[in-house]
>>> print(open('coords38.cif').read())   # mmCIF, C-alpha atoms
data_my_file
#
loop_
_atom_site.group_PDB
_atom_site.id
_atom_site.type_symbol
_atom_site.label_atom_id
_atom_site.label_comp_id
_atom_site.auth_asym_id
_atom_site.auth_seq_id
_atom_site.Cartn_x
_atom_site.Cartn_y
_atom_site.Cartn_z
ATOM 1 C CA MET A 1 -12.526 42.749 -50.056
ATOM 2 C CA ALA A 2 -15.863 41.199 -49.085
ATOM 3 C CA THR A 3 -15.894 38.860 -46.130
ATOM 4 C CA HIS A 4 -18.367 36.057 -45.803
ATOM 5 C CA PRO A 5 -20.838 36.740 -42.955
ATOM 6 C CA GLY A 6 -20.374 34.476 -39.934
ATOM 7 C CA THR A 7 -16.798 33.468 -40.805
ATOM 8 C CA SER A 8 -15.395 34.060 -37.304
ATOM 9 C CA ALA A 9 -18.339 32.174 -35.751
ATOM 10 C CA GLU A 10 -17.728 29.267 -38.125
ATOM 11 C CA ARG A 11 -14.010 29.326 -37.282
ATOM 12 C CA GLY A 12 -14.847 29.288 -33.568
ATOM 13 C CA ARG A 13 -17.201 26.341 -34.061
ATOM 14 C CA LYS A 14 -14.574 24.437 -36.081
ATOM 15 C CA GLY A 15 -12.009 25.073 -33.328
ATOM 16 C CA ARG A 16 -14.410 23.762 -30.670
ATOM 17 C CA ASP A 17 -15.175 20.693 -32.805
ATOM 18 C CA ARG A 18 -11.430 20.034 -33.234
ATOM 19 C CA ASP A 19 -10.891 20.353 -29.455
ATOM 20 C CA ARG A 20 -13.757 17.924 -28.807
ATOM 21 C CA GLU A 21 -12.341 15.440 -31.356
ATOM 22 C CA GLU A 22 -8.881 15.611 -29.713
ATOM 23 C CA ARG A 23 -10.446 15.076 -26.289
ATOM 24 C CA ASP A 24 -12.565 12.178 -27.608
ATOM 25 C CA SER A 25 -9.593 10.562 -29.382
ATOM 26 C CA GLU A 26 -7.795 10.014 -26.052
ATOM 27 C CA PHE A 27 -10.646 7.762 -24.892
ATOM 28 C CA VAL A 28 -11.108 4.081 -25.693
ATOM 29 C CA ASP A 29 -14.669 2.766 -25.610
ATOM 30 C CA LYS A 30 -15.864 -0.826 -25.356
ATOM 31 C CA LEU A 31 -19.382 -2.035 -26.022
ATOM 32 C CA VAL A 32 -20.259 -4.424 -23.186
ATOM 33 C CA HIS A 33 -23.860 -5.370 -23.936
ATOM 34 C CA ILE A 34 -26.760 -4.626 -26.295
ATOM 35 C CA ASN A 35 -30.298 -5.493 -25.317
ATOM 36 C CA ARG A 36 -33.126 -5.629 -27.884
ATOM 37 C CA VAL A 37 -36.683 -5.148 -26.713
ATOM 38 C CA ALA A 38 -39.871 -5.397 -28.789
ATOM 39 C CA LYS A 39 -43.077 -3.473 -28.249
ATOM 40 C CA VAL A 40 -46.109 -4.999 -29.975
ATOM 41 C CA VAL A 41 -48.228 -2.324 -31.669
ATOM 42 C CA LYS A 42 -51.129 -2.355 -34.112
ATOM 43 C CA GLY A 43 -48.904 -2.638 -37.213
ATOM 44 C CA GLY A 44 -46.565 -5.290 -35.806
ATOM 45 C CA ARG A 45 -43.511 -5.007 -33.562
ATOM 46 C CA ARG A 46 -41.498 -1.915 -32.772
ATOM 47 C CA PHE A 47 -37.921 -2.651 -31.726
ATOM 48 C CA GLY A 48 -35.802 -0.667 -29.305
ATOM 49 C CA PHE A 49 -32.170 -1.112 -28.298
ATOM 50 C CA ALA A 50 -30.318 -0.480 -25.039
ATOM 51 C CA ALA A 51 -26.511 -0.305 -24.995
ATOM 52 C CA LEU A 52 -24.015 -0.531 -22.121
ATOM 53 C CA VAL A 53 -20.655 1.090 -22.919
ATOM 54 C CA VAL A 54 -17.446 1.483 -20.868
ATOM 55 C CA VAL A 55 -15.104 4.388 -21.696
ATOM 56 C CA GLY A 56 -11.579 5.052 -20.393
ATOM 57 C CA ASP A 57 -8.321 6.825 -21.220
ATOM 58 C CA GLN A 58 -6.122 3.794 -20.286
ATOM 59 C CA LYS A 59 -4.322 6.045 -17.771
ATOM 60 C CA GLY A 60 -6.504 5.568 -14.697
ATOM 61 C CA ARG A 61 -9.802 7.208 -15.697
ATOM 62 C CA VAL A 62 -12.878 5.147 -16.521
ATOM 63 C CA GLY A 63 -16.672 5.522 -16.725
ATOM 64 C CA PHE A 64 -19.709 3.617 -17.938
ATOM 65 C CA GLY A 65 -22.957 4.685 -19.579
ATOM 66 C CA HIS A 66 -26.305 3.326 -20.656
ATOM 67 C CA GLY A 67 -28.232 4.534 -23.719
ATOM 68 C CA LYS A 68 -31.563 3.633 -25.303
ATOM 69 C CA ALA A 69 -32.753 4.330 -28.850
ATOM 70 C CA ARG A 70 -34.649 2.870 -31.799
ATOM 71 C CA GLU A 71 -31.392 2.235 -33.681
ATOM 72 C CA VAL A 72 -28.225 0.513 -32.417
ATOM 73 C CA PRO A 73 -25.700 3.256 -33.437
ATOM 74 C CA GLU A 74 -27.775 5.945 -31.702
ATOM 75 C CA ALA A 75 -28.049 3.850 -28.515
ATOM 76 C CA ILE A 76 -24.263 3.325 -28.523
ATOM 77 C CA ARG A 77 -23.654 7.066 -29.080
ATOM 78 C CA LYS A 78 -25.939 7.989 -26.161
ATOM 79 C CA ALA A 79 -24.255 5.404 -23.908
ATOM 80 C CA THR A 80 -20.769 6.659 -24.872
ATOM 81 C CA ASP A 81 -21.738 10.283 -24.103
ATOM 82 C CA ALA A 82 -23.167 9.223 -20.722
ATOM 83 C CA ALA A 83 -19.960 7.274 -19.952
ATOM 84 C CA LYS A 84 -17.757 10.305 -20.747
ATOM 85 C CA ARG A 85 -19.841 12.406 -18.342
ATOM 86 C CA SER A 86 -19.375 9.887 -15.489
ATOM 87 C CA LEU A 87 -15.584 9.381 -15.533
ATOM 88 C CA THR A 88 -13.864 8.497 -12.253
ATOM 89 C CA ARG A 89 -10.150 8.351 -11.447
ATOM 90 C CA VAL A 90 -8.758 5.117 -9.974
ATOM 91 C CA PRO A 91 -5.323 5.055 -8.282
ATOM 92 C CA LEU A 92 -3.123 2.313 -9.767
ATOM 93 C CA ARG A 93 0.083 0.874 -8.291
ATOM 94 C CA GLU A 94 2.974 1.379 -10.745
ATOM 95 C CA GLY A 95 0.274 2.243 -13.318
ATOM 96 C CA ARG A 96 -0.528 -1.455 -13.840
ATOM 97 C CA THR A 97 -2.434 -3.039 -10.898
ATOM 98 C CA LEU A 98 -4.457 -2.388 -7.737
ATOM 99 C CA HIS A 99 -2.943 -1.176 -4.456
ATOM 100 C CA HIS A 100 -4.879 -3.746 -2.405
ATOM 101 C CA ASP A 101 -7.537 -6.468 -2.709
ATOM 102 C CA VAL A 102 -11.081 -5.121 -2.694
ATOM 103 C CA PHE A 103 -14.694 -6.357 -2.722
ATOM 104 C CA GLY A 104 -17.574 -4.593 -4.485
ATOM 105 C CA ARG A 105 -21.284 -5.163 -4.832
ATOM 106 C CA HIS A 106 -24.337 -3.744 -6.538
ATOM 107 C CA GLY A 107 -27.670 -5.462 -6.110
ATOM 108 C CA ALA A 108 -27.055 -9.192 -6.596
ATOM 109 C CA GLY A 109 -23.745 -8.529 -8.388
ATOM 110 C CA LYS A 110 -20.700 -9.234 -6.206
ATOM 111 C CA VAL A 111 -17.090 -8.987 -7.383
ATOM 112 C CA PHE A 112 -13.706 -9.591 -5.753
ATOM 113 C CA LEU A 113 -10.606 -7.906 -7.219
ATOM 114 C CA ARG A 114 -7.029 -8.860 -6.313
ATOM 115 C CA ALA A 115 -3.734 -7.115 -7.037
ATOM 116 C CA ALA A 116 -1.409 -9.272 -9.156
ATOM 117 C CA PRO A 117 2.350 -9.471 -9.873
ATOM 118 C CA PRO A 118 3.729 -8.242 -13.230
ATOM 119 C CA GLY A 119 3.017 -10.541 -16.174
ATOM 120 C CA THR A 120 -0.251 -11.926 -14.787
ATOM 121 C CA GLY A 121 -2.455 -10.104 -17.284
ATOM 122 C CA ILE A 122 -6.174 -9.444 -16.896
ATOM 123 C CA ILE A 123 -7.881 -12.533 -15.508
ATOM 124 C CA ALA A 124 -11.538 -11.514 -15.548
ATOM 125 C CA GLY A 125 -14.813 -12.226 -17.304
ATOM 126 C CA GLY A 126 -16.449 -10.171 -20.085
ATOM 127 C CA PRO A 127 -17.961 -7.024 -18.490
ATOM 128 C CA MET A 128 -15.198 -6.722 -15.863
ATOM 129 C CA ARG A 129 -12.470 -7.236 -18.483
ATOM 130 C CA ALA A 130 -13.862 -4.298 -20.506
ATOM 131 C CA VAL A 131 -13.601 -2.040 -17.429
ATOM 132 C CA PHE A 132 -9.978 -3.057 -16.715
ATOM 133 C CA GLU A 133 -8.866 -2.727 -20.355
ATOM 134 C CA THR A 134 -10.300 0.784 -20.729
ATOM 135 C CA LEU A 135 -8.881 1.743 -17.306
ATOM 136 C CA GLY A 136 -5.368 0.745 -18.434
ATOM 137 C CA MET A 137 -4.862 -1.951 -15.797
ATOM 138 C CA GLN A 138 -2.438 -4.661 -16.922
ATOM 139 C CA ASP A 139 -2.370 -7.170 -14.039
ATOM 140 C CA VAL A 140 -5.446 -8.127 -12.018
ATOM 141 C CA VAL A 141 -7.291 -11.236 -10.897
ATOM 142 C CA ALA A 142 -11.054 -10.763 -10.627
ATOM 143 C CA LYS A 143 -13.913 -13.062 -9.699
ATOM 144 C CA SER A 144 -17.647 -12.477 -10.043
ATOM 145 C CA LEU A 145 -19.468 -14.184 -7.169
ATOM 146 C CA GLY A 146 -23.074 -13.151 -7.743
ATOM 147 C CA SER A 147 -25.289 -12.102 -10.636
ATOM 148 C CA SER A 148 -23.967 -12.492 -14.190
ATOM 149 C CA ASN A 149 -26.118 -9.549 -15.353
ATOM 150 C CA PRO A 150 -23.635 -7.246 -17.175
ATOM 151 C CA TYR A 151 -25.181 -4.061 -15.705
ATOM 152 C CA ASN A 152 -24.832 -5.315 -12.124
ATOM 153 C CA MET A 153 -21.333 -6.693 -12.770
ATOM 154 C CA VAL A 154 -20.094 -3.365 -14.178
ATOM 155 C CA ARG A 155 -21.680 -1.385 -11.334
ATOM 156 C CA ALA A 156 -20.219 -3.788 -8.733
ATOM 157 C CA THR A 157 -16.765 -3.423 -10.357
ATOM 158 C CA PHE A 158 -17.067 0.379 -10.168
ATOM 159 C CA ASP A 159 -18.148 0.072 -6.520
ATOM 160 C CA ALA A 160 -14.977 -1.948 -5.806
ATOM 161 C CA LEU A 161 -12.756 0.534 -7.681
ATOM 162 C CA LYS A 162 -14.353 3.407 -5.736
ATOM 163 C CA HIS A 163 -13.020 1.854 -2.498
ATOM 164 C CA GLN A 164 -9.469 1.608 -3.890
ATOM 165 C CA ASP A 165 -7.001 3.729 -1.864
ATOM 166 C CA SER A 166 -3.423 4.695 -2.626
ATOM 167 C CA PRO A 167 -0.819 5.055 0.162
ATOM 168 C CA ARG A 168 -0.597 8.773 -0.709
ATOM 169 C CA SER A 169 -4.341 9.376 -0.103
ATOM 170 C CA VAL A 170 -4.255 7.389 3.182
ATOM 171 C CA ALA A 171 -1.183 9.355 4.338
ATOM 172 C CA SER A 172 -2.831 12.702 3.517
ATOM 173 C CA ARG A 173 -5.990 11.701 5.438
ATOM 174 C CA ARG A 174 -3.852 10.836 8.484
ATOM 175 C CA SER A 175 -1.608 13.933 8.051
ATOM 176 C CA LEU A 176 1.476 11.740 7.633
ATOM 177 C CA LYS A 177 4.199 11.287 5.037
ATOM 178 C CA VAL A 178 4.013 8.139 2.884
ATOM 179 C CA SER A 179 7.376 6.936 4.277
ATOM 180 C CA ALA A 180 6.073 7.313 7.868
ATOM 181 C CA LEU A 181 2.968 5.326 6.937
ATOM 182 C CA GLN A 182 5.062 2.523 5.411
ATOM 183 C CA SER A 183 7.380 2.345 8.457
ATOM 184 C CA ARG A 184 4.306 2.070 10.732
ATOM 185 C CA ARG A 185 3.038 -0.766 8.553
ATOM 186 C CA ARG A 186 6.404 -2.572 8.797
ATOM 187 C CA GLU A 187 6.360 -2.201 12.596
ATOM 188 C CA GLY A 188 2.844 -3.678 12.665
ATOM 189 C CA ASP A 189 3.984 -6.620 10.506
ATOM 190 C CA THR A 190 6.937 -7.407 12.848
ATOM 191 C CA GLU A 191 4.633 -7.222 15.905
ATOM 192 C CA GLN A 192 2.226 -9.606 14.185
ATOM 193 C CA MET A 193 5.070 -12.063 13.420
ATOM 194 C CA ALA A 194 6.282 -11.882 17.016
ATOM 195 C CA ALA A 195 2.736 -12.606 18.244
ATOM 196 C CA ASP A 196 2.526 -15.670 15.930
#
>>> encode(input="coords38.cif", output="structure tokens")
Amino acid sequence: MATHPGTSAERGRKGRDRDREERDSEFVDKLVHINRVAKVVKGGRRFGFAALVVVGDQKGRVGFGHGKAREVPEAIRKATDAAKRSLTRVPLREGRTLHHDVFGRHGAGKVFLRAAPPGTGIIAGGPMRAVFETLGMQDVVAKSLGSSNPYNMVRATFDALKHQDSPRSVASRRSLKVSALQSRRREGDTEQMAAD
């Protein structure tokens, strides 16, 4: 029985491709912005495209990427690959909202994110909404206070999410149990009320 040369290598490659497809299928990607630029050359104009893409698994991981190419699909593909390489994990309360209000900035882009009760939905503008939807956040109120440039807004949103802390991470930093941390917080609240 003659075997085809390179069959095991082909099988290995197919297996790797299948694994990559399964890994890619868990991610949701959103195109935030496409920028077209023209370079004037001797024969006329040469167009280039830049894409900004946000990628997330809707379970607390999210990333963004930027890609440039002569064609739109290629720019989007490059941006998506860059976003998958830069994924960050964000702690969510009950898997639906933030643990606490937070402020973020990048350049002239300033954003303020607030935790919201169940049923609020995502109250946010374009670029920020894409980040929250791919992250899997269901309730949040967000306000952009500075630049409306999508790149700066997305980076400012990621800066805010980077400063998001869960009670578990705070407790581990202070070498406490979460319950001990919460009881300390309650004591602080009662002292504050007594002072008022």
>>> axis_aligned_box(input="coords38.cif", around="range 115-125 of chain A", padding_each_side="8 Å", output="lines of an AutoDock Vina configuration file")
center_x = -5.5
center_y = -9.8
center_z = -12.2
size_x = 34.5
size_y = 21.4
size_z = 26.3
>>> resolve_selection(input="coords38.cif", expression="the PyMOL selection byres ((chain A and resi 94) around 12)", output="short mmCIF file (atom, residue, chain, number, x, y, z; two decimals) with C-alpha atoms, in the coordinates of the input")
data_model
loop_
_atom_site.label_atom_id
_atom_site.label_comp_id
_atom_site.auth_asym_id
_atom_site.auth_seq_id
_atom_site.Cartn_x
_atom_site.Cartn_y
_atom_site.Cartn_z
CA LYS A 59 -4.32 6.04 -17.77
CA GLY A 60 -6.50 5.57 -14.70
CA PRO A 91 -5.32 5.06 -8.28
CA LEU A 92 -3.12 2.31 -9.77
CA ARG A 93 0.08 0.87 -8.29
CA GLY A 95 0.27 2.24 -13.32
CA ARG A 96 -0.53 -1.46 -13.84
CA THR A 97 -2.43 -3.04 -10.90
CA LEU A 98 -4.46 -2.39 -7.74
CA HIS A 99 -2.94 -1.18 -4.46
CA ALA A 115 -3.73 -7.12 -7.04
CA ALA A 116 -1.41 -9.27 -9.16
CA PRO A 117 2.35 -9.47 -9.87
CA PRO A 118 3.73 -8.24 -13.23
CA GLY A 136 -5.37 0.74 -18.43
CA MET A 137 -4.86 -1.95 -15.80
CA GLN A 138 -2.44 -4.66 -16.92
CA ASP A 139 -2.37 -7.17 -14.04
CA SER A 166 -3.42 4.70 -2.63
#
>>> closest_residue(input="coords38.cif", among="A:Lys143, A:His100, A:Lys84, A:Lys177", to="Asp29 in chain A", atoms="only C-alpha atoms")
A:Lys84
>>> atom_distance(input="coords38.cif", atom1="CA of Arg114 in chain A", atom2="CA of Ala83 in chain A")
24.8 Å
>>> residues_near_point(input="coords38.cif", point="(-27.1, -6.3, -22.7)", cutoff="10 Å", atoms="all atoms listed in the file", output="list of chain:residue names")
A:Leu31, A:Val32, A:His33, A:Ile34, A:Asn35, A:Arg36, A:Phe49, A:Ala50, A:Ala51, A:Leu52, A:Val53, A:His66, A:Asn149, A:Pro150, A:Tyr151
>>> closest_residue(input="coords38.cif", among="A:Gly109, A:Pro73, A:Gly63, A:Pro127", to="Ala156 in chain A", atoms="all atoms listed in the file")
A:Gly109
>>> decode(input="coords38.cif", residues="range 39-76 of chain A", atoms="N, CA and C atoms", output="CSV table (one decimal), in the first residue's frame")
chain,number,residue,atom,x,y,z
A,39,LYS,N,-2.4,59.0,-1.5
A,39,LYS,CA,-1.1,59.5,-1.8
A,39,LYS,C,-1.0,59.9,-3.2
A,40,VAL,N,-0.7,61.1,-3.6
A,40,VAL,CA,-0.7,61.5,-5.0
A,40,VAL,C,0.7,61.2,-5.6
A,41,VAL,N,0.6,60.3,-6.6
A,41,VAL,CA,1.8,59.9,-7.3
A,41,VAL,C,1.7,60.3,-8.8
A,42,LYS,N,2.7,60.0,-9.6
A,42,LYS,CA,2.8,60.4,-11.0
A,42,LYS,C,1.5,60.0,-11.8
A,43,GLY,N,1.1,58.8,-11.6
A,43,GLY,CA,-0.1,58.3,-12.4
A,43,GLY,C,-1.4,58.6,-11.8
A,44,GLY,N,-1.5,59.3,-10.7
A,44,GLY,CA,-2.8,59.7,-10.1
A,44,GLY,C,-2.7,59.5,-8.6
A,45,ARG,N,-3.7,59.0,-8.0
A,45,ARG,CA,-3.8,58.8,-6.5
A,45,ARG,C,-3.7,57.3,-6.2
A,46,ARG,N,-2.9,57.1,-5.1
A,46,ARG,CA,-2.8,55.7,-4.6
A,46,ARG,C,-3.5,55.7,-3.2
A,47,PHE,N,-4.5,54.9,-3.0
A,47,PHE,CA,-5.3,54.9,-1.8
A,47,PHE,C,-4.8,53.8,-0.8
A,48,GLY,N,-4.8,54.2,0.5
A,48,GLY,CA,-4.5,53.2,1.5
A,48,GLY,C,-5.6,53.3,2.6
A,49,PHE,N,-5.7,52.2,3.3
A,49,PHE,CA,-6.8,52.1,4.3
A,49,PHE,C,-6.2,51.7,5.7
A,50,ALA,N,-6.8,52.4,6.7
A,50,ALA,CA,-6.4,52.0,8.1
A,50,ALA,C,-7.7,51.6,8.8
A,51,ALA,N,-7.6,50.5,9.5
A,51,ALA,CA,-8.8,50.0,10.2
A,51,ALA,C,-8.5,49.9,11.7
A,52,LEU,N,-9.5,50.2,12.5
A,52,LEU,CA,-9.5,50.0,14.0
A,52,LEU,C,-10.5,49.0,14.4
A,53,VAL,N,-10.1,47.9,15.0
A,53,VAL,CA,-11.0,46.7,15.3
A,53,VAL,C,-10.9,46.4,16.8
A,54,VAL,N,-12.0,46.1,17.4
A,54,VAL,CA,-12.1,45.6,18.8
A,54,VAL,C,-12.5,44.2,18.8
A,55,VAL,N,-11.8,43.3,19.5
A,55,VAL,CA,-12.1,41.9,19.6
A,55,VAL,C,-12.3,41.5,21.0
A,56,GLY,N,-13.3,40.6,21.3
A,56,GLY,CA,-13.5,40.1,22.6
A,56,GLY,C,-14.2,38.8,22.6
A,57,ASP,N,-14.2,38.1,23.8
A,57,ASP,CA,-14.8,36.8,23.8
A,57,ASP,C,-16.2,36.8,24.6
A,58,GLN,N,-16.6,38.1,24.9
A,58,GLN,CA,-17.9,38.3,25.6
A,58,GLN,C,-17.9,37.6,27.0
A,59,LYS,N,-16.8,37.3,27.5
A,59,LYS,CA,-16.7,36.7,28.9
A,59,LYS,C,-15.6,37.4,29.7
A,60,GLY,N,-15.3,38.6,29.4
A,60,GLY,CA,-14.4,39.4,30.2
A,60,GLY,C,-13.0,39.6,29.6
A,61,ARG,N,-12.8,39.1,28.3
A,61,ARG,CA,-11.5,39.4,27.7
A,61,ARG,C,-11.8,40.3,26.5
A,62,VAL,N,-10.9,41.3,26.3
A,62,VAL,CA,-11.1,42.2,25.2
A,62,VAL,C,-9.7,42.8,24.7
A,63,GLY,N,-9.6,43.2,23.5
A,63,GLY,CA,-8.4,43.8,22.9
A,63,GLY,C,-8.8,44.6,21.7
A,64,PHE,N,-7.8,45.5,21.3
A,64,PHE,CA,-8.1,46.3,20.1
A,64,PHE,C,-6.8,46.3,19.3
A,65,GLY,N,-7.0,46.5,18.0
A,65,GLY,CA,-5.9,46.5,17.1
A,65,GLY,C,-6.1,47.5,15.9
A,66,HIS,N,-4.9,47.8,15.3
A,66,HIS,CA,-4.9,48.8,14.2
A,66,HIS,C,-4.2,48.2,13.1
A,67,GLY,N,-4.7,48.2,11.9
A,67,GLY,CA,-4.0,47.6,10.7
A,67,GLY,C,-4.1,48.6,9.5
A,68,LYS,N,-3.0,48.6,8.7
A,68,LYS,CA,-3.0,49.4,7.5
A,68,LYS,C,-2.7,48.5,6.3
A,69,ALA,N,-3.4,48.8,5.2
A,69,ALA,CA,-3.1,48.1,3.9
A,69,ALA,C,-3.7,48.8,2.8
A,70,ARG,N,-3.4,48.3,1.6
A,70,ARG,CA,-3.9,49.0,0.3
A,70,ARG,C,-5.4,48.6,0.1
A,71,GLU,N,-5.8,47.5,0.7
A,71,GLU,CA,-7.2,47.0,0.5
A,71,GLU,C,-7.9,47.0,1.9
A,72,VAL,N,-9.2,47.2,1.9
A,72,VAL,CA,-10.0,47.2,3.2
A,72,VAL,C,-9.9,45.9,3.9
A,73,PRO,N,-10.2,44.8,3.2
A,73,PRO,CA,-10.3,43.5,3.9
A,73,PRO,C,-8.9,43.1,4.5
A,74,GLU,N,-7.8,43.4,3.9
A,74,GLU,CA,-6.5,43.2,4.4
A,74,GLU,C,-6.2,44.0,5.6
A,75,ALA,N,-6.6,45.3,5.6
A,75,ALA,CA,-6.4,46.2,6.8
A,75,ALA,C,-7.2,45.6,8.0
A,76,ILE,N,-8.5,45.2,7.7
A,76,ILE,CA,-9.3,44.6,8.8
A,76,ILE,C,-8.7,43.4,9.4
